Structures are given as C-alpha cells and as structure tokens.
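Containing TSV, C-alpha atoms: upload02.tsv.
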```
chain	number	residue	atom	x	y	z
A	23	ASP	CA	-1.25	-22.22	4.76
A	24	VAL	CA	0.16	-18.78	5.52
A	25	LYS	CA	-2.34	-16.02	6.07
A	26	VAL	CA	-2.98	-12.38	6.64
A	27	THR	CA	-6.43	-12.02	8.15
A	28	GLN	CA	-8.46	-8.83	8.45
A	29	SER	CA	-11.19	-8.78	11.04
A	30	SER	CA	-14.02	-7.52	8.84
A	31	ARG	CA	-14.87	-7.73	5.13
A	32	TYR	CA	-17.46	-4.93	5.24
A	33	LEU	CA	-18.04	-2.14	7.72
A	34	VAL	CA	-20.50	0.74	7.81
A	35	LYS	CA	-19.77	3.51	10.31
A	36	ARG	CA	-21.15	6.94	11.03
A	37	THR	CA	-19.25	10.19	10.62
A	38	GLY	CA	-17.33	10.99	13.80
A	39	GLU	CA	-17.13	7.41	15.08
A	40	LYS	CA	-13.84	5.90	16.16
A	41	VAL	CA	-13.12	2.92	13.92
A	42	PHE	CA	-10.71	0.03	14.49
A	43	LEU	CA	-9.50	-2.19	11.65
A	44	GLU	CA	-7.60	-5.26	12.80
A	45	CYS	CA	-5.04	-7.33	10.94
A	46	VAL	CA	-3.35	-10.54	12.08
A	47	GLN	CA	-0.57	-12.49	10.33
A	48	ASP	CA	0.69	-15.93	11.20
A	49	MET	CA	4.01	-15.85	9.35
A	50	ASP	CA	6.12	-14.25	12.11
A	51	HIS	CA	6.76	-11.31	9.76
A	52	GLU	CA	8.48	-8.23	11.12
A	53	ASN	CA	6.90	-5.76	8.69
A	54	MET	CA	3.21	-4.96	8.49
A	55	PHE	CA	1.47	-2.38	6.32
A	56	TRP	CA	-1.86	-0.65	5.94
A	57	TYR	CA	-2.95	0.57	2.50
A	58	ARG	CA	-6.10	2.13	1.15
A	59	GLN	CA	-7.28	1.48	-2.38
A	60	ASP	CA	-9.39	3.91	-4.37
A	61	PRO	CA	-10.49	3.69	-8.02
A	62	GLY	CA	-7.91	5.16	-10.38
A	63	LEU	CA	-5.40	5.76	-7.58
A	64	GLY	CA	-4.15	2.28	-6.80
A	65	LEU	CA	-2.91	1.28	-3.36
A	66	ARG	CA	-1.51	4.04	-1.19
A	67	LEU	CA	0.47	3.43	1.97
A	68	ILE	CA	-1.06	4.82	5.17
A	69	TYR	CA	1.32	3.47	7.84
A	70	PHE	CA	3.74	0.66	8.29
A	71	SER	CA	5.46	-1.02	11.22
A	72	TYR	CA	8.80	-2.82	11.22
A	73	ASP	CA	8.67	-4.05	14.84
A	74	VAL	CA	6.44	-4.19	17.88
A	75	LYS	CA	5.53	-0.68	19.06
A	76	MET	CA	7.37	0.84	16.07
A	77	LYS	CA	5.53	2.71	13.35
A	78	GLU	CA	6.31	4.93	10.39
A	79	LYS	CA	4.06	7.22	8.39
A	80	GLY	CA	3.37	6.33	4.82
A	81	ASP	CA	2.16	8.59	2.04
A	82	ILE	CA	-1.28	9.45	3.44
A	83	PRO	CA	-1.27	9.18	7.27
A	84	GLU	CA	-3.57	12.14	7.99
A	85	GLY	CA	-6.68	11.11	9.91
A	86	TYR	CA	-5.27	7.71	10.83
A	87	SER	CA	-3.21	6.18	13.62
A	88	VAL	CA	-1.90	2.66	14.19
A	89	SER	CA	-1.05	0.32	17.01
A	90	ARG	CA	1.27	-2.67	17.13
A	91	GLU	CA	1.36	-4.17	20.61
A	92	LYS	CA	2.11	-7.72	19.43
A	93	LYS	CA	4.19	-8.89	16.48
A	94	GLU	CA	1.31	-10.64	14.77
A	95	ARG	CA	-1.28	-7.86	15.07
A	96	PHE	CA	-1.40	-4.42	13.44
A	97	SER	CA	-4.40	-2.17	14.00
A	98	LEU	CA	-5.49	0.84	11.96
A	99	ILE	CA	-7.49	3.46	13.84
A	100	LEU	CA	-9.68	6.16	12.37
A	101	GLU	CA	-9.94	8.58	15.28
A	102	SER	CA	-13.02	10.37	13.90
A	103	ALA	CA	-14.31	8.79	10.72
A	104	SER	CA	-15.16	11.04	7.82
A	105	THR	CA	-16.91	10.34	4.52
A	106	ASN	CA	-13.65	10.81	2.58
A	107	GLN	CA	-12.29	7.77	4.42
A	108	THR	CA	-14.79	5.54	2.64
A	109	SER	CA	-12.48	3.13	0.86
A	110	MET	CA	-11.08	-0.39	0.61
A	111	TYR	CA	-8.42	-0.99	3.27
A	112	LEU	CA	-5.78	-3.66	2.77
A	113	CYS	CA	-3.28	-5.02	5.26
A	114	ALA	CA	-0.03	-6.68	4.17
A	115	SER	CA	3.01	-8.24	5.78
A	116	SER	CA	6.57	-9.09	4.81
A	117	ASN	CA	9.79	-10.20	6.41
A	118	LEU	CA	12.57	-7.76	7.34
A	119	LEU	CA	13.92	-7.69	3.82
A	120	GLY	CA	10.69	-6.25	2.50
A	121	PHE	CA	8.40	-7.86	-0.04
A	122	GLY	CA	10.62	-10.64	-1.31
A	123	THR	CA	9.43	-13.49	-3.43
A	124	GLU	CA	5.84	-12.82	-2.44
A	125	ALA	CA	3.69	-10.04	-1.14
A	126	PHE	CA	1.16	-11.22	1.40
A	127	PHE	CA	-2.12	-9.35	1.62
A	128	GLY	CA	-5.30	-9.69	3.61
A	129	GLN	CA	-8.68	-9.99	1.93
A	130	GLY	CA	-9.50	-6.33	2.42
A	131	THR	CA	-12.06	-4.38	4.45
A	132	ARG	CA	-14.54	-2.26	2.54
A	133	LEU	CA	-15.38	0.65	4.84
A	134	THR	CA	-18.31	2.95	4.20
A	135	VAL	CA	-18.64	6.10	6.32
A	136	VAL	CA	-22.11	7.62	6.23
B	153	LYS	CA	2.14	11.95	-11.13
B	154	ASN	CA	2.18	8.28	-10.24
B	155	GLU	CA	5.65	6.77	-10.44
B	156	VAL	CA	4.18	3.52	-11.74
B	157	GLU	CA	1.94	3.67	-14.79
B	158	GLN	CA	-0.16	0.81	-16.09
B	159	SER	CA	-1.94	0.42	-19.39
B	160	PRO	CA	-4.59	-0.19	-20.40
B	161	GLN	CA	-6.91	0.75	-17.51
B	162	ASN	CA	-9.56	-1.63	-18.80
B	163	LEU	CA	-9.40	-4.55	-21.17
B	164	THR	CA	-12.08	-6.87	-22.53
B	165	ALA	CA	-11.08	-10.02	-24.37
B	166	GLN	CA	-12.84	-13.06	-25.75
B	167	GLU	CA	-11.98	-16.43	-24.33
B	168	GLY	CA	-8.83	-17.79	-25.95
B	169	GLU	CA	-7.32	-14.42	-26.83
B	170	PHE	CA	-3.80	-13.34	-25.90
B	171	ILE	CA	-3.74	-10.49	-23.38
B	172	THR	CA	-0.92	-8.05	-22.61
B	173	ILE	CA	-0.79	-5.57	-19.74
B	174	ASN	CA	2.02	-3.03	-19.58
B	175	CYS	CA	3.73	-1.37	-16.63
B	176	SER	CA	6.24	1.50	-16.75
B	177	TYR	CA	8.02	2.93	-13.74
B	178	SER	CA	10.25	5.90	-13.07
B	179	VAL	CA	11.83	4.94	-9.73
B	180	GLY	CA	14.94	2.86	-9.21
B	181	ILE	CA	13.76	-0.59	-8.28
B	182	SER	CA	15.13	-3.83	-6.91
B	183	ALA	CA	12.14	-5.89	-8.06
B	184	LEU	CA	8.72	-5.67	-9.63
B	185	HIS	CA	5.63	-7.56	-8.51
B	186	TRP	CA	2.58	-8.57	-10.49
B	187	LEU	CA	-0.50	-9.05	-8.33
B	188	GLN	CA	-4.02	-10.28	-9.02
B	189	GLN	CA	-7.12	-8.99	-7.27
B	190	HIS	CA	-10.43	-10.79	-7.67
B	191	PRO	CA	-13.83	-9.25	-6.92
B	192	GLY	CA	-14.16	-9.18	-3.14
B	193	GLY	CA	-10.77	-7.60	-2.70
B	194	GLY	CA	-8.15	-10.17	-1.75
B	195	ILE	CA	-4.80	-9.77	-3.50
B	196	VAL	CA	-2.52	-12.64	-4.44
B	197	SER	CA	1.02	-12.47	-5.71
B	198	LEU	CA	1.61	-13.80	-9.24
B	199	PHE	CA	5.26	-12.97	-9.86
B	200	MET	CA	8.23	-11.13	-8.50
B	201	LEU	CA	10.80	-10.17	-11.15
B	202	SER	CA	14.19	-8.53	-10.99
B	203	SER	CA	15.28	-9.42	-14.51
B	204	GLY	CA	14.31	-11.39	-17.61
B	205	LYS	CA	11.18	-13.47	-17.79
B	206	LYS	CA	9.09	-15.80	-15.64
B	207	LYS	CA	6.34	-18.20	-16.62
B	208	HIS	CA	3.66	-19.89	-14.54
B	209	GLY	CA	1.03	-21.83	-16.40
B	210	ARG	CA	-0.60	-19.49	-18.93
B	211	LEU	CA	0.93	-16.40	-17.35
B	212	ILE	CA	4.21	-14.87	-18.52
B	213	ALA	CA	5.90	-11.82	-17.00
B	214	THR	CA	8.84	-9.97	-18.51
B	215	ILE	CA	10.90	-7.03	-17.38
B	216	ASN	CA	13.37	-4.73	-19.14
B	217	ILE	CA	15.38	-2.95	-16.46
B	218	GLN	CA	17.08	-0.53	-18.87
B	219	GLU	CA	13.75	0.61	-20.33
B	220	LYS	CA	11.98	0.50	-16.93
B	221	HIS	CA	9.15	-1.52	-18.37
B	222	SER	CA	7.40	-4.78	-17.55
B	223	SER	CA	4.63	-6.73	-19.22
B	224	LEU	CA	2.22	-9.40	-18.06
B	225	HIS	CA	0.89	-11.73	-20.73
B	226	ILE	CA	-2.03	-14.13	-20.42
B	227	THR	CA	-2.11	-16.79	-23.10
B	228	ALA	CA	-5.32	-18.61	-24.07
B	229	SER	CA	-7.35	-16.37	-21.75
B	230	HIS	CA	-10.29	-17.81	-19.81
B	231	PRO	CA	-13.22	-16.18	-18.00
B	232	ARG	CA	-11.65	-17.15	-14.67
B	233	ASP	CA	-8.77	-14.79	-15.55
B	234	SER	CA	-11.19	-11.88	-15.09
B	235	ALA	CA	-9.68	-9.76	-12.31
B	236	VAL	CA	-7.73	-6.60	-11.64
B	237	TYR	CA	-4.01	-6.97	-12.34
B	238	ILE	CA	-1.68	-4.68	-10.46
B	239	CYS	CA	2.01	-4.03	-10.91
B	240	ALA	CA	4.03	-2.86	-7.92
B	241	ALA	CA	7.60	-1.62	-8.07
B	242	ARG	CA	9.80	-2.36	-5.07
B	243	GLU	CA	11.90	0.73	-4.48
B	244	ASP	CA	15.62	0.27	-4.11
B	245	ASP	CA	15.76	1.54	-0.53
B	246	SER	CA	16.40	0.06	2.87
B	247	TRP	CA	13.08	-1.65	3.44
B	248	GLY	CA	11.69	-2.08	-0.05
B	249	LYS	CA	8.67	0.18	-0.18
B	250	LEU	CA	6.20	-0.72	-2.92
B	251	GLN	CA	4.82	1.81	-5.40
B	252	PHE	CA	1.63	0.53	-7.01
B	253	GLY	CA	0.12	1.06	-10.41
B	254	ALA	CA	-3.60	1.90	-10.56
B	255	GLY	CA	-4.45	-1.56	-11.87
B	256	THR	CA	-5.89	-3.01	-15.08
B	257	GLN	CA	-9.43	-4.39	-15.01
B	258	VAL	CA	-9.51	-7.47	-17.26
B	259	VAL	CA	-12.79	-9.04	-18.36
B	260	VAL	CA	-12.69	-12.24	-20.39
B	261	THR	CA	-16.00	-13.18	-22.02
B	262	PRO	CA	-16.96	-16.73	-23.00
```

So that I can check it, write out the structure of this file as structure tokens.
Amino acid sequence: DVKVTQSSRYLVKRTGEKVFLECVQDMDHENMFWYRQDPGLGLRLIYFSYDVKMKEKGDIPEGYSVSREKKERFSLILESASTNQTSMYLCASSNLLGFGTEAFFGQGTRLTVV
Amino acid sequence: KNEVEQSPQNLTAQEGEFITINCSYSVGISALHWLQQHPGGGIVSLFMLSSGKKKHGRLIATINIQEKHSSLHITASHPRDSAVYICAAREDDSWGKLQFGAGTQVVVTP
C-alpha cells in the first residue's frame, strides 16, 4: 500500500520556536510538495522539490524553508514560528511527470502557534 | 482572484439525494483532479480527467475543456459521503503544478 506519511497529526508550538515538519514517501517519487490549507483559501503551495537537494519556491514561501537530503524525505522548516502560520500543512508526492493518474497526499499536520 | 472556482462552498443533502459540485478554471490545463478530504485532514484522489466523463461507483465526474468547467456528481448520497470535495487543475506546464479550488463542504444527513 503506497503511502505518504507525515510525522505528526497535531502540533502546538510557541511563537519564535523553530518547527520541523517531516514527510516520508515510499513510492520512489521524484517530486515532493508542501502545501498549507486555510479555510476559504484552499491549498497553497509553499515549496516543492523535484530531486534530492533541489528545491523551488511555491506561491507562499515567506517564513518557510525546506530540506531534501534523501529522495524519500522532505522537511518543512518554520525558522521562527508566528501565529499567522497556524494552519493545516499537507505533504504530497508525484513522479517526474507531475500528478498523473493520482495525487498522493499525507494525512496532514494541524499546527497551532500560540 | 483564484484561478479555480468551486461552487457551492457548502452543501447539505438528505440521504439518497443527487449532489452536484461545480468547478470552473481559467488556466490552461492538461488534467483536472477531484479529491476528497475527510475530517482529520487526509486527502484521497477520486478522479483525474482530461476529457469526457469518468464513473466510479456512485461518483461521476465530467469535464468540458472548451467551457473550462468540470462537475462532480454523487448519486444516491449517503452520510459516509460527508467530506470536503476539492477540484485541482493541473497546469499545462513542464511539471504540472496544481491549482486548487477552495473546496466544497458536503454534509449528508440520514
């Protein structure tokens, strides 16, 4: 059973903390993505990676960074968490051709910054 | 302005009713996805369409490329269909970026 797994379902962090969200996929996919989801706005792309150590900014990269040291793992980093980063974060993966017959998503991490 | 618009935002139906969710997009696309998100957050893929119509069980998805419009229909709706339904347009570029609609919250009551 193919999977995209996110390390945490729920997280509560304090303003100013450095936060790591981890995502692992077992499908040998080249592409991995981080989205945030907010009510009324839908999913918005933060960063994506098309290969190990490669990354590209999405639509809303400010306040975030990413790391991809291994093909199966893509980490989202909040360097100094702020309350406006309270959101649902979703990781996804696809093969080199992009989202083909299916889009594979993790179960989501609901982050609250207090 | 979002390049992918969904309607309605919210929908309540009684069990057994026919449900339609609409999706309009303004970008050039190579495909359109319909996704389902249950409470708790995980998203699963229902369909990917590039033309015509697809059917899976009680779910039917259609797309009209010329009119830049897609619909998701749920026949004989059931309370377990209660979820958020999201359309996502795959842009016609080199790596297939997805543009997402805001989602439609569907509640089916017994």

At a cut-off of 6 Å from (11.0, 0.2, -13.1) in the coordinates of the file, what residues are picked up using all atoms listed in the file, written as an NGL selection string? :B and (177-179 or 181 or 220-221)

How about saving the chosen residues, C-alpha atoms kept, as a PDB file, keeping the file's coordinate frame?
```pdb
ATOM      1  CA  TYR B 177       8.020   2.930 -13.740  1.00  0.00           C
ATOM      2  CA  SER B 178      10.250   5.900 -13.070  1.00  0.00           C
ATOM      3  CA  VAL B 179      11.830   4.940  -9.730  1.00  0.00           C
ATOM      4  CA  ILE B 181      13.760  -0.590  -8.280  1.00  0.00           C
ATOM      5  CA  LYS B 220      11.980   0.500 -16.930  1.00  0.00           C
ATOM      6  CA  HIS B 221       9.150  -1.520 -18.370  1.00  0.00           C
TER       7      HIS B 221
END
```

Need the neighbours of (3.3, -1.1, -21.4): which residues are at most 7 Å away, counting only C-alpha atoms, as a list of chain:residue names?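 Returned residue set, sorted by chain then number, is B:Gln158, B:Ser159, B:Ile173, B:Asn174, B:Cys175, B:Ser176, B:His221, B:Ser222, B:Ser223.
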
Just C-alpha atoms for this one: save the residues we selected as a JSON list (two decimals), in the frame of the given file.
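Below is the file that was written, selection.json:
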```json
[["chain", "number", "residue", "atom", "x", "y", "z"],
["B", 158, "GLN", "CA", -0.16, 0.81, -16.09],
["B", 159, "SER", "CA", -1.94, 0.42, -19.39],
["B", 173, "ILE", "CA", -0.79, -5.57, -19.74],
["B", 174, "ASN", "CA", 2.02, -3.03, -19.58],
["B", 175, "CYS", "CA", 3.73, -1.37, -16.63],
["B", 176, "SER", "CA", 6.24, 1.50, -16.75],
["B", 221, "HIS", "CA", 9.15, -1.52, -18.37],
["B", 222, "SER", "CA", 7.40, -4.78, -17.55],
["B", 223, "SER", "CA", 4.63, -6.73, -19.22]]
```

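Any residue of chain B with an atom within 9 Å of chain A counts; using all atoms listed in the file, that gives Asn154, Gln161, Ala183, His185, Leu187, Gly192, Gly193, Gly194, Ile195, Val196, Ser197, Leu198, Phe199, Met200, Leu201, Ile238, Arg242, Ser246, Trp247, Gly248, Lys249, Leu250, Gln251, Phe252, Gly253, Ala254 and Gly255 of chain B.
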
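As for atom CA of A:Val34 and atom CA of A:Val46, they are spaced 21.0 Å apart.
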
Selection: 12 Å around stretch 231-234 of chain B, all atoms listed in the file, excl. self and same-chain fewer than 5 positions, as a short mmCIF file (atom, residue, chain, number, x, y, z; two decimals) with C-alpha atoms, in the coordinates of the input:
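Saved result, around_16.cif, follows:
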```cif
data_model
loop_
_atom_site.label_atom_id
_atom_site.label_comp_id
_atom_site.auth_asym_id
_atom_site.auth_seq_id
_atom_site.Cartn_x
_atom_site.Cartn_y
_atom_site.Cartn_z
CA ASN B 162 -9.56 -1.63 -18.80
CA LEU B 163 -9.40 -4.55 -21.17
CA THR B 164 -12.08 -6.87 -22.53
CA ALA B 165 -11.08 -10.02 -24.37
CA GLN B 166 -12.84 -13.06 -25.75
CA GLU B 167 -11.98 -16.43 -24.33
CA GLY B 168 -8.83 -17.79 -25.95
CA GLU B 169 -7.32 -14.42 -26.83
CA PHE B 170 -3.80 -13.34 -25.90
CA ILE B 171 -3.74 -10.49 -23.38
CA GLN B 188 -4.02 -10.28 -9.02
CA GLN B 189 -7.12 -8.99 -7.27
CA HIS B 190 -10.43 -10.79 -7.67
CA PRO B 191 -13.83 -9.25 -6.92
CA ARG B 210 -0.60 -19.49 -18.93
CA LEU B 211 0.93 -16.40 -17.35
CA HIS B 225 0.89 -11.73 -20.73
CA ILE B 226 -2.03 -14.13 -20.42
CA THR B 256 -5.89 -3.01 -15.08
CA GLN B 257 -9.43 -4.39 -15.01
CA VAL B 258 -9.51 -7.47 -17.26
CA VAL B 259 -12.79 -9.04 -18.36
CA VAL B 260 -12.69 -12.24 -20.39
CA THR B 261 -16.00 -13.18 -22.02
CA PRO B 262 -16.96 -16.73 -23.00
#
```

First collect every listed atom of stretch 219-225 of chain B; then fit an axis-aligned box around them, widen it by 5 Å on each side, and give centre and edge lengths in Å to one decimal, as JSON.
```
{"center_x": 7.3, "center_y": -5.6, "center_z": -18.8, "size_x": 22.9, "size_y": 22.3, "size_z": 13.8}
```

How many Å lie between atom CA of A:Lys79 and atom CA of A:Ala103, rounded to one decimal?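 Separating atom CA of A:Lys79 from atom CA of A:Ala103 is a distance of 18.6 Å.
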
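Of the residues under consideration (A:Ser71, A:Thr105, A:Ser97, A:Ser87), A:Thr105 shows the shortest atom-to-atom contact distance to A:Gly38 when counting all atoms listed in the file.
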